[in-house]
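In what follows, a single structure is set out as structure tokens and then discussed.
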Amino acid sequence: MGKLTIDEVGNQYGRLKVVAYVGLNVARKAKWLCECECGNTSTVLGADLRQGYTKSCGCFQRESLRAYHNRRAKRPKMGRIAFRMLDVEDFE
Ligand SMILES: [Zn+2]
């Protein structure tokens with residue numbers, strides 16, 4: 001404890017409305033219980049909410065899966081495609 005946690009309760013992020021503070025994860029980041037417009041609930045990191053990574057329980061990601069992965073992609077397969085698109089010749 002000691003570090004101040006930003007109160008997110010009542011905030012709206014995309015389809016999610018923050019309803020309760022859950023606790024800290026292993027990286028000591030605040031987790032929040034959110035209610036999605038579709039009726040599901042989801043536990044999301046505050047940082048992911050504020051940075052716009054998480055905007056729904058998952059229903060929105062399914063609709064915009066490609067955009068979501070392009071932004072966060074760390075997978076080799078996606079990286080290769082990105083580099084090919086950028087035409088980086090000395091990437092091997
Ligand atoms: Zn949803």
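FYI, nothing fancy with the structure tokens labels: chains A, B, ... in order, residues from 1 per chain, ligands from 1 as they appear.
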
Could you pull out the residues sitting within 10 Å of ligand 1, using only C-alpha atoms and all ligand atoms, and write them as a list in words?
-> Arg15, Leu16, Cys34, Glu35, Cys36, Glu37, Cys38, Gly39, Asn40, Thr41, Ser42, Lys55, Ser56, Cys57, Gly58, Cys59, Phe60, Gln61 and Arg62 of chain A

Non-local contacts of Val19 in chain A (9 Å; only C-alpha atoms; under 6 positions in same chain excluded) as a list of chain:residue names | A:Glu8, A:Val9, A:Gly10, A:Asn11, A:Trp32, A:Leu33, A:Cys34, A:Glu35

Would you mind exporting the chosen residues as a short mmCIF file (atom, residue, chain, number, x, y, z; two decimals), in the first residue's frame, restricted to N, CA and C atoms?
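Everything below was put into result19.cif:
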```cif
data_model
loop_
_atom_site.label_atom_id
_atom_site.label_comp_id
_atom_site.auth_asym_id
_atom_site.auth_seq_id
_atom_site.Cartn_x
_atom_site.Cartn_y
_atom_site.Cartn_z
N GLU A 8 -11.27 5.13 -10.37
CA GLU A 8 -11.89 5.04 -11.69
C GLU A 8 -13.38 4.74 -11.62
N VAL A 9 -13.89 4.49 -10.42
CA VAL A 9 -15.30 4.08 -10.31
C VAL A 9 -16.22 5.15 -10.87
N GLY A 10 -17.10 4.71 -11.77
CA GLY A 10 -18.04 5.65 -12.39
C GLY A 10 -17.56 6.13 -13.75
N ASN A 11 -16.28 5.93 -14.03
CA ASN A 11 -15.75 6.37 -15.33
C ASN A 11 -16.23 5.45 -16.45
N TRP A 32 -9.77 -3.21 -12.14
CA TRP A 32 -11.11 -2.66 -11.93
C TRP A 32 -12.16 -3.57 -12.53
N LEU A 33 -13.26 -3.71 -11.81
CA LEU A 33 -14.40 -4.46 -12.34
C LEU A 33 -15.23 -3.52 -13.20
N CYS A 34 -15.45 -3.94 -14.44
CA CYS A 34 -16.16 -3.08 -15.38
C CYS A 34 -17.40 -3.80 -15.91
N GLU A 35 -18.41 -3.02 -16.18
CA GLU A 35 -19.64 -3.52 -16.77
C GLU A 35 -19.68 -3.07 -18.22
#
```

Separating CA of Leu24 in chain A from CA of Ile6 in chain A, to the nearest tenth of an Å, is a gap of 12.3 Å

Members of range 8-79 of chain A assigned strand (DSSP E) by DSSP, as a PyMOL selection string = chain A and resi 12-13+16-24+30-36+41-45

Prev. selection, N, CA and C atoms, output as an mmCIF file, in the first residue's frame:
```
data_model
loop_
_atom_site.group_PDB
_atom_site.id
_atom_site.type_symbol
_atom_site.label_atom_id
_atom_site.label_comp_id
_atom_site.auth_asym_id
_atom_site.auth_seq_id
_atom_site.Cartn_x
_atom_site.Cartn_y
_atom_site.Cartn_z
ATOM 1 N N GLN A 12 -16.346 6.014 -17.635
ATOM 2 C CA GLN A 12 -16.775 5.253 -18.807
ATOM 3 C C GLN A 12 -15.618 5.219 -19.801
ATOM 4 N N TYR A 13 -15.268 4.005 -20.241
ATOM 5 C CA TYR A 13 -14.212 3.842 -21.246
ATOM 6 C C TYR A 13 -14.772 2.990 -22.372
ATOM 7 N N LEU A 16 -17.203 0.128 -21.613
ATOM 8 C CA LEU A 16 -17.067 -0.292 -20.215
ATOM 9 C C LEU A 16 -17.340 0.843 -19.245
ATOM 10 N N LYS A 17 -18.094 0.513 -18.202
ATOM 11 C CA LYS A 17 -18.260 1.439 -17.094
ATOM 12 C C LYS A 17 -17.639 0.799 -15.863
ATOM 13 N N VAL A 18 -16.757 1.541 -15.199
ATOM 14 C CA VAL A 18 -16.071 1.009 -14.027
ATOM 15 C C VAL A 18 -17.021 1.012 -12.841
ATOM 16 N N VAL A 19 -17.196 -0.165 -12.225
ATOM 17 C CA VAL A 19 -18.149 -0.270 -11.119
ATOM 18 C C VAL A 19 -17.484 -0.525 -9.769
ATOM 19 N N ALA A 20 -16.266 -1.075 -9.763
ATOM 20 C CA ALA A 20 -15.644 -1.366 -8.467
ATOM 21 C C ALA A 20 -14.141 -1.569 -8.610
ATOM 22 N N TYR A 21 -13.428 -1.283 -7.536
ATOM 23 C CA TYR A 21 -12.004 -1.565 -7.462
ATOM 24 C C TYR A 21 -11.819 -3.018 -7.051
ATOM 25 N N VAL A 22 -10.977 -3.747 -7.773
ATOM 26 C CA VAL A 22 -10.780 -5.166 -7.488
ATOM 27 C C VAL A 22 -9.567 -5.381 -6.598
ATOM 28 N N GLY A 23 -8.444 -4.751 -6.959
ATOM 29 C CA GLY A 23 -7.212 -4.947 -6.203
ATOM 30 C C GLY A 23 -6.027 -4.782 -7.126
ATOM 31 N N LEU A 24 -4.862 -5.201 -6.636
ATOM 32 C CA LEU A 24 -3.650 -5.078 -7.439
ATOM 33 C C LEU A 24 -3.307 -6.421 -8.051
ATOM 34 N N ALA A 30 -3.452 -1.517 -10.567
ATOM 35 C CA ALA A 30 -4.839 -1.587 -10.113
ATOM 36 C C ALA A 30 -5.731 -2.259 -11.142
ATOM 37 N N LYS A 31 -6.566 -3.168 -10.636
ATOM 38 C CA LYS A 31 -7.553 -3.832 -11.496
ATOM 39 C C LYS A 31 -8.935 -3.319 -11.122
ATOM 40 N N TRP A 32 -9.775 -3.213 -12.136
ATOM 41 C CA TRP A 32 -11.109 -2.658 -11.934
ATOM 42 C C TRP A 32 -12.156 -3.572 -12.528
ATOM 43 N N LEU A 33 -13.264 -3.706 -11.814
ATOM 44 C CA LEU A 33 -14.399 -4.461 -12.337
ATOM 45 C C LEU A 33 -15.233 -3.525 -13.201
ATOM 46 N N CYS A 34 -15.447 -3.939 -14.439
ATOM 47 C CA CYS A 34 -16.164 -3.083 -15.382
ATOM 48 C C CYS A 34 -17.399 -3.803 -15.911
ATOM 49 N N GLU A 35 -18.414 -3.017 -16.183
ATOM 50 C CA GLU A 35 -19.639 -3.518 -16.772
ATOM 51 C C GLU A 35 -19.684 -3.075 -18.218
ATOM 52 N N CYS A 36 -19.867 -4.053 -19.108
ATOM 53 C CA CYS A 36 -19.898 -3.740 -20.533
ATOM 54 C C CYS A 36 -21.323 -3.460 -20.978
ATOM 55 N N THR A 41 -19.420 -8.638 -17.630
ATOM 56 C CA THR A 41 -18.494 -7.898 -16.788
ATOM 57 C C THR A 41 -17.081 -8.372 -17.093
ATOM 58 N N SER A 42 -16.120 -7.495 -16.803
ATOM 59 C CA SER A 42 -14.746 -7.801 -17.116
ATOM 60 C C SER A 42 -13.838 -7.117 -16.104
ATOM 61 N N THR A 43 -12.712 -7.742 -15.780
ATOM 62 C CA THR A 43 -11.734 -7.133 -14.891
ATOM 63 C C THR A 43 -10.584 -6.596 -15.737
ATOM 64 N N VAL A 44 -10.327 -5.306 -15.615
ATOM 65 C CA VAL A 44 -9.397 -4.636 -16.524
ATOM 66 C C VAL A 44 -8.409 -3.799 -15.723
ATOM 67 N N LEU A 45 -7.176 -3.717 -16.202
ATOM 68 C CA LEU A 45 -6.184 -2.836 -15.583
ATOM 69 C C LEU A 45 -6.530 -1.380 -15.868
#
```

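Taking CA of Arg50 in chain A and CA of Gly14 in chain A as the two end points, the separation is 10.4 Å.
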